[in-house]
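Okay, query-v5.pdb now, which holds PDB, C-alpha atoms:
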```
ATOM      1  CA  MET A 284    -148.789 -68.145 131.660
ATOM      2  CA  GLU A 285    -148.375 -68.101 135.440
ATOM      3  CA  ALA A 286    -149.169 -71.821 135.633
ATOM      4  CA  ILE A 287    -146.518 -72.543 132.991
ATOM      5  CA  LEU A 288    -143.921 -70.481 134.861
ATOM      6  CA  ASN A 289    -144.809 -72.218 138.132
ATOM      7  CA  PHE A 290    -144.320 -75.592 136.440
ATOM      8  CA  ASP A 291    -140.989 -74.484 134.972
ATOM      9  CA  LEU A 292    -139.762 -73.159 138.322
ATOM     10  CA  SER A 293    -140.805 -76.334 140.156
ATOM     11  CA  VAL A 294    -138.835 -78.457 137.657
ATOM     12  CA  PHE A 295    -135.789 -76.206 138.087
ATOM     13  CA  ARG A 296    -136.063 -76.546 141.873
ATOM     14  CA  PHE A 297    -136.307 -80.353 141.578
ATOM     15  CA  VAL A 298    -133.184 -80.448 139.388
ATOM     16  CA  GLU A 299    -131.328 -78.151 141.798
ATOM     17  CA  ASN A 300    -132.300 -80.126 144.919
ATOM     18  CA  TYR A 301    -132.062 -83.706 143.665
ATOM     19  CA  ILE A 302    -129.956 -83.874 140.487
ATOM     20  CA  TRP A 303    -127.278 -81.155 140.576
ATOM     21  CA  ASN A 304    -123.886 -82.532 141.664
ATOM     22  CA  PRO A 305    -120.223 -81.861 140.761
ATOM     23  CA  VAL A 306    -119.866 -84.972 138.564
ATOM     24  CA  LEU A 307    -123.006 -84.249 136.533
ATOM     25  CA  ASP A 308    -121.965 -80.599 136.265
ATOM     26  CA  VAL A 309    -119.022 -81.725 134.135
ATOM     27  CA  ILE A 310    -120.920 -84.411 132.187
ATOM     28  CA  MET A 311    -123.934 -82.233 131.391
ATOM     29  CA  THR A 312    -121.747 -79.320 130.344
ATOM     30  CA  ILE A 313    -119.947 -81.578 127.846
ATOM     31  CA  ILE A 314    -123.249 -83.016 126.609
ATOM     32  CA  THR A 315    -124.824 -79.587 126.146
ATOM     33  CA  TYR A 316    -121.813 -78.399 124.118
ATOM     34  CA  LEU A 317    -122.184 -81.431 121.820
ATOM     35  CA  GLY A 318    -125.473 -79.932 120.663
ATOM     36  CA  GLU A 319    -124.087 -76.424 120.141
ATOM     37  CA  GLY A 320    -125.129 -75.309 116.667
ATOM     38  CA  GLY A 321    -126.167 -78.913 115.984
ATOM     39  CA  ALA A 322    -122.437 -79.714 115.713
ATOM     40  CA  VAL A 323    -122.521 -83.406 116.642
ATOM     41  CA  TRP A 324    -125.483 -84.020 114.312
ATOM     42  CA  ILE A 325    -123.970 -82.104 111.397
ATOM     43  CA  ILE A 326    -120.735 -84.095 111.722
ATOM     44  CA  MET A 327    -122.682 -87.359 111.918
ATOM     45  CA  ALA A 328    -124.826 -86.449 108.898
ATOM     46  CA  LEU A 329    -121.751 -85.515 106.834
ATOM     47  CA  ILE A 330    -120.013 -88.791 107.683
ATOM     48  CA  LEU A 331    -123.100 -90.753 106.625
ATOM     49  CA  LEU A 332    -123.538 -88.690 103.442
ATOM     50  CA  PHE A 333    -120.046 -89.708 102.333
ATOM     51  CA  THR A 334    -120.808 -93.431 102.616
ATOM     52  CA  LYS A 335    -122.720 -95.319  99.940
ATOM     53  CA  LYS A 336    -124.385 -97.705 102.360
ATOM     54  CA  TYR A 337    -125.734 -95.099 104.783
ATOM     55  CA  ARG A 338    -126.164 -92.062 102.503
ATOM     56  CA  LYS A 339    -129.948 -92.171 102.904
ATOM     57  CA  CYS A 340    -129.485 -91.808 106.695
ATOM     58  CA  GLY A 341    -127.316 -88.739 106.151
ATOM     59  CA  VAL A 342    -129.912 -87.251 103.801
ATOM     60  CA  ALA A 343    -132.657 -87.816 106.382
ATOM     61  CA  MET A 344    -130.592 -86.172 109.124
ATOM     62  CA  ALA A 345    -129.759 -83.207 106.889
ATOM     63  CA  ILE A 346    -133.439 -82.687 106.052
ATOM     64  CA  GLY A 347    -134.342 -82.859 109.747
ATOM     65  CA  LEU A 348    -131.629 -80.358 110.726
ATOM     66  CA  ILE A 349    -132.595 -77.899 107.994
ATOM     67  CA  GLY A 350    -136.254 -78.231 109.010
ATOM     68  CA  SER A 351    -135.373 -77.514 112.644
ATOM     69  CA  LEU A 352    -133.321 -74.454 111.689
ATOM     70  CA  VAL A 353    -136.133 -72.999 109.598
ATOM     71  CA  VAL A 354    -139.087 -73.844 111.854
ATOM     72  CA  VAL A 355    -137.504 -73.150 115.259
ATOM     73  CA  ASP A 356    -134.763 -70.562 114.719
ATOM     74  CA  TRP A 357    -136.216 -68.594 111.822
ATOM     75  CA  ILE A 358    -139.958 -68.806 112.540
ATOM     76  CA  ILE A 359    -141.034 -69.728 116.100
ATOM     77  CA  LYS A 360    -138.289 -68.098 118.188
ATOM     78  CA  PRO A 361    -138.627 -64.593 116.675
ATOM     79  CA  ILE A 362    -142.437 -64.738 116.862
ATOM     80  CA  VAL A 363    -142.650 -65.907 120.501
ATOM     81  CA  ALA A 364    -139.557 -63.927 121.640
ATOM     82  CA  ARG A 365    -139.446 -65.527 125.101
ATOM     83  CA  PRO A 366    -136.608 -64.249 127.310
ATOM     84  CA  ARG A 367    -134.176 -66.759 128.795
ATOM     85  CA  PRO A 368    -134.908 -67.851 132.382
ATOM     86  CA  PHE A 369    -131.918 -65.896 133.708
ATOM     87  CA  ASN A 370    -133.337 -62.736 132.055
ATOM     88  CA  LEU A 371    -136.905 -63.111 133.310
ATOM     89  CA  GLU A 372    -137.752 -60.081 135.443
ATOM     90  CA  ALA A 373    -140.343 -61.994 137.490
ATOM     91  CA  TRP A 374    -137.627 -64.410 138.652
ATOM     92  CA  GLU A 375    -135.042 -61.772 139.532
ATOM     93  CA  GLY A 376    -133.483 -62.711 142.865
ATOM     94  CA  ILE A 377    -135.063 -66.196 142.981
ATOM     95  CA  PHE A 378    -133.527 -67.870 139.916
ATOM     96  CA  ASN A 379    -130.355 -69.899 140.528
ATOM     97  CA  TYR A 380    -128.053 -69.763 137.497
ATOM     98  CA  PRO A 381    -125.179 -72.263 137.879
ATOM     99  CA  ASP A 382    -122.775 -70.536 135.444
ATOM    100  CA  LEU A 383    -121.800 -73.857 133.853
ATOM    101  CA  VAL A 384    -122.095 -72.416 130.334
ATOM    102  CA  SER A 385    -122.099 -68.897 128.932
ATOM    103  CA  GLU A 386    -125.492 -67.220 128.732
ATOM    104  CA  PRO A 387    -126.994 -67.546 125.221
ATOM    105  CA  SER A 388    -128.244 -64.308 123.694
ATOM    106  CA  SER A 389    -130.935 -65.811 121.450
ATOM    107  CA  TRP A 390    -134.614 -66.202 122.397
ATOM    108  CA  SER A 391    -135.559 -69.130 124.593
ATOM    109  CA  PHE A 392    -138.680 -70.789 123.121
ATOM    110  CA  PRO A 393    -138.443 -73.489 121.949
ATOM    111  CA  SER A 394    -135.069 -75.087 122.641
ATOM    112  CA  GLY A 395    -133.039 -75.247 119.435
ATOM    113  CA  HIS A 396    -130.680 -77.849 120.935
ATOM    114  CA  SER A 397    -133.674 -80.088 121.724
ATOM    115  CA  SER A 398    -135.336 -79.582 118.362
ATOM    116  CA  SER A 399    -132.221 -80.159 116.251
ATOM    117  CA  SER A 400    -131.166 -83.156 118.366
ATOM    118  CA  LEU A 401    -134.523 -84.878 118.045
ATOM    119  CA  ALA A 402    -134.994 -83.909 114.401
ATOM    120  CA  ALA A 403    -131.643 -85.472 113.498
ATOM    121  CA  SER A 404    -131.817 -88.515 115.782
ATOM    122  CA  VAL A 405    -135.443 -89.414 114.985
ATOM    123  CA  ALA A 406    -134.707 -89.028 111.253
ATOM    124  CA  LEU A 407    -131.802 -91.436 111.739
ATOM    125  CA  LEU A 408    -134.039 -93.808 113.715
ATOM    126  CA  CYS A 409    -136.567 -93.801 110.859
ATOM    127  CA  THR A 410    -133.871 -94.846 108.392
ATOM    128  CA  ASN A 411    -131.646 -97.057 110.555
ATOM    129  CA  LYS A 412    -132.721 -98.422 113.957
ATOM    130  CA  LYS A 413    -129.246 -99.692 114.842
ATOM    131  CA  PHE A 414    -127.780 -96.171 114.721
ATOM    132  CA  GLY A 415    -131.029 -94.424 115.562
ATOM    133  CA  ILE A 416    -131.643 -95.802 119.065
ATOM    134  CA  PRO A 417    -128.341 -94.574 120.601
ATOM    135  CA  ALA A 418    -128.751 -91.311 118.651
ATOM    136  CA  VAL A 419    -132.186 -90.695 120.188
ATOM    137  CA  ILE A 420    -130.773 -91.413 123.663
ATOM    138  CA  LEU A 421    -128.029 -88.837 123.026
ATOM    139  CA  GLY A 422    -130.637 -86.416 121.682
ATOM    140  CA  VAL A 423    -132.743 -86.708 124.834
ATOM    141  CA  LEU A 424    -129.638 -86.232 127.003
ATOM    142  CA  ILE A 425    -128.724 -83.072 125.085
ATOM    143  CA  ALA A 426    -132.280 -81.817 125.541
ATOM    144  CA  PHE A 427    -132.222 -82.525 129.296
ATOM    145  CA  SER A 428    -128.821 -80.860 129.617
ATOM    146  CA  ARG A 429    -130.446 -77.564 128.609
ATOM    147  CA  ILE A 430    -132.632 -77.748 131.714
ATOM    148  CA  TYR A 431    -129.712 -78.914 133.851
ATOM    149  CA  VAL A 432    -127.542 -75.926 132.929
ATOM    150  CA  HIS A 433    -130.615 -73.658 133.298
ATOM    151  CA  VAL A 434    -130.462 -71.930 129.910
ATOM    152  CA  HIS A 435    -133.940 -73.125 128.875
ATOM    153  CA  TYR A 436    -137.256 -73.442 130.661
ATOM    154  CA  PRO A 437    -138.446 -77.067 130.869
ATOM    155  CA  THR A 438    -141.398 -76.119 128.641
ATOM    156  CA  ASP A 439    -138.919 -74.879 125.996
ATOM    157  CA  VAL A 440    -137.295 -78.286 126.025
ATOM    158  CA  ILE A 441    -140.579 -80.242 125.955
ATOM    159  CA  VAL A 442    -141.821 -78.285 122.929
ATOM    160  CA  GLY A 443    -138.383 -78.509 121.293
ATOM    161  CA  ILE A 444    -138.464 -82.291 121.674
ATOM    162  CA  LEU A 445    -141.982 -82.520 120.189
ATOM    163  CA  VAL A 446    -141.225 -80.219 117.254
ATOM    164  CA  GLY A 447    -137.924 -82.004 116.599
ATOM    165  CA  ALA A 448    -139.513 -85.457 116.726
ATOM    166  CA  ILE A 449    -142.224 -84.414 114.247
ATOM    167  CA  LEU A 450    -139.624 -82.922 111.896
ATOM    168  CA  GLY A 451    -137.509 -86.071 112.267
ATOM    169  CA  ILE A 452    -140.444 -88.300 111.311
ATOM    170  CA  ILE A 453    -141.170 -86.110 108.273
ATOM    171  CA  ALA A 454    -137.476 -86.143 107.276
ATOM    172  CA  GLY A 455    -137.309 -89.924 107.680
ATOM    173  CA  TYR A 456    -140.432 -90.350 105.556
ATOM    174  CA  ILE A 457    -139.061 -88.116 102.796
ATOM    175  CA  ALA A 458    -135.721 -89.961 102.753
ATOM    176  CA  ASN A 459    -137.326 -93.425 102.789
ATOM    177  CA  ARG A 460    -139.916 -92.485 100.177
ATOM    178  CA  TYR A 461    -137.899 -90.448  97.688
ATOM    179  CA  TYR A 462    -134.177 -91.122  98.126
ATOM    180  CA  PRO A 463    -134.151 -94.676  96.642
ATOM    181  CA  SER A 464    -135.733 -93.466  93.360
ATOM    182  CA  PHE A 465    -133.353 -90.489  93.277
ATOM    183  CA  GLU A 466    -130.394 -92.858  93.746
ATOM    184  CA  ASN A 467    -131.702 -95.171  91.002
ATOM    185  CA  LYS A 468    -131.942 -92.224  88.583
ATOM    186  CA  LEU A 469    -128.339 -91.294  89.368
ATOM    187  CA  LYS A 470    -127.216 -94.883  88.733
ATOM    188  CA  THR A 471    -129.117 -94.981  85.434
ATOM    189  CA  ARG A 472    -127.538 -91.713  84.264
ATOM    190  CA  LYS A 473    -124.073 -92.921  85.284
ATOM    191  CA  ALA A 474    -124.582 -96.226  83.447
ATOM    192  CA  ALA A 475    -125.795 -94.366  80.340
ATOM    193  CA  LYS A 476    -122.684 -92.151  80.385
ATOM    194  CA  ASN A 477    -120.412 -95.198  80.743
ATOM    195  CA  ASP A 478    -122.094 -96.896  77.738
ATOM    196  CA  LYS A 479    -121.305 -93.953  75.427
TER
END
```

Show me, as structure tokens, the structure contained in the file I just sent.
Amino acid sequence: MEAILNFDLSVFRFVENYIWNPVLDVIMTIITYLGEGGAVWIIMALILLFTKKYRKCGVAMAIGLIGSLVVVDWIIKPIVARPRPFNLEAWEGIFNYPDLVSEPSSWSFPSGHSSSSLAASVALLCTNKKFGIPAVILGVLIAFSRIYVHVHYPTDVIVGILVGAILGIIAGYIANRYYPSFENKLKTRKAAKNDK
């Protein structure tokens, strides 16, 4: 555990010394708020769900987001119960909190922003590369922003990214494998109703 904390602290120090600046303070704060409660991904999924052409993409994103909520927020976080970096007693007096965002009260490990962002964006990538590539870039930026604003340990974010990516791949597979047959059944039922 000490080695993990040393790694986390060294990453924080690198960010503080070489990346923190007034312009990025504003940009990263905006980016981190985009991922609050999965808001940007929920909005994107809803928009896609209401289009015929891209409904499968919306389904994949929804599956990924639900998976992230269950696995990360309902299962892993309560079991691990890792305190936030600004609440870690061992770092009292040595941890630099920039006060760019309000302090979250939930457990730290793994990062829910990172998991939901990667679950949604990778699911979208698996169903539509054109939309998926910029979505994954945004997802990674949201994940990094959690380190930048110092509300998550870097290891929280790394694990959040990995868990989210796995859930996104699973969600993409489910949507690609099962949604077309589901849609065909709906079309068949609708056609049968119209014939009556």

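The shortest atom-to-atom distance to A:Gly347, with all atoms listed in the file taken into account, belongs to A:Ala406 out of A:Ala406, A:Met311, A:Leu421, A:Leu288.
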
Quick one: residues within 12 Å of stretch 338-344 of chain A, only C-alpha atoms, excluding same-chain residues fewer than 2 positions away - as an MDAnalysis selection string? chainID A and resid 321 323:336 346:351 399:415 418 447:448 450:466

Using Å and a single decimal, report how far atom CA of A:Leu307 sits from atom CA of A:Ile377. 22.6 Å

Select, from A:Ile444, A:Val432, A:Ala286, A:Ile362, the residue with the minimum atom-to-atom distance to A:Glu299, counting all atoms listed in the file. A:Val432

Chain and number of each residue from the PyMOL selection byres ((chain A and resi 427) around 9), as a list of chain:residue names: A:Met311, A:Thr315, A:Ser397, A:Gly422, A:Val423, A:Leu424, A:Ile425, A:Ala426, A:Ser428, A:Arg429, A:Ile430, A:Tyr431, A:Val432, A:Pro437, A:Val440

Near A:Arg296, counting all atoms listed in the file, which residues have an atom at most 12 Å away, once you skip same-chain residues fewer than 3 positions from it, shown as a ChimeraX atom specification? /A:289-293,299-303,377-380,430-431,433,436-437

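Atom CA of A:Ser398 to atom CA of A:Val446 spans 6.0 Å [interatomic distance, one decimal].
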
Looking at A:Ile314, A:Val384, A:Val306, A:Val434, which one is nearest to A:Leu371, with distances taken over all atoms listed in the file? A:Val434

note - atom CA of A:Gly318 and atom CA of A:Trp357 are separated by 17.9 Å

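Proximity to A:Pro305 was assessed for A:Asn467, A:Val355, A:Glu372, A:Leu383 counting all atoms listed in the file; the smallest distance is recorded for A:Leu383.
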
Would you give the centre and edge lengths, in Å to one decimal, of a box along x, y and z around the listed atoms of stretch 353-369 of chain A, with 3 Å added to each side, as AutoDock Vina command-line options?
```
--center_x -137.3 --center_y -68.9 --center_z 121.7 --size_x 16.7 --size_y 15.9 --size_z 30.1
```

Can you tell me which residues surround A:Ser389 at a distance of at most 9 Å, considering only C-alpha atoms, apart from same-chain residues fewer than 3 positions away, and format the answer as a list of chain:residue names? A:Lys360, A:Ala364, A:Pro366, A:Arg367

Output file for the residues above (C-alpha atoms, as an mmCIF file, in the coordinates of the input):
```cif
data_model
loop_
_atom_site.group_PDB
_atom_site.id
_atom_site.type_symbol
_atom_site.label_atom_id
_atom_site.label_comp_id
_atom_site.auth_asym_id
_atom_site.auth_seq_id
_atom_site.Cartn_x
_atom_site.Cartn_y
_atom_site.Cartn_z
ATOM 1 C CA LYS A 360 -138.289 -68.098 118.188
ATOM 2 C CA ALA A 364 -139.557 -63.927 121.640
ATOM 3 C CA PRO A 366 -136.608 -64.249 127.310
ATOM 4 C CA ARG A 367 -134.176 -66.759 128.795
#
```
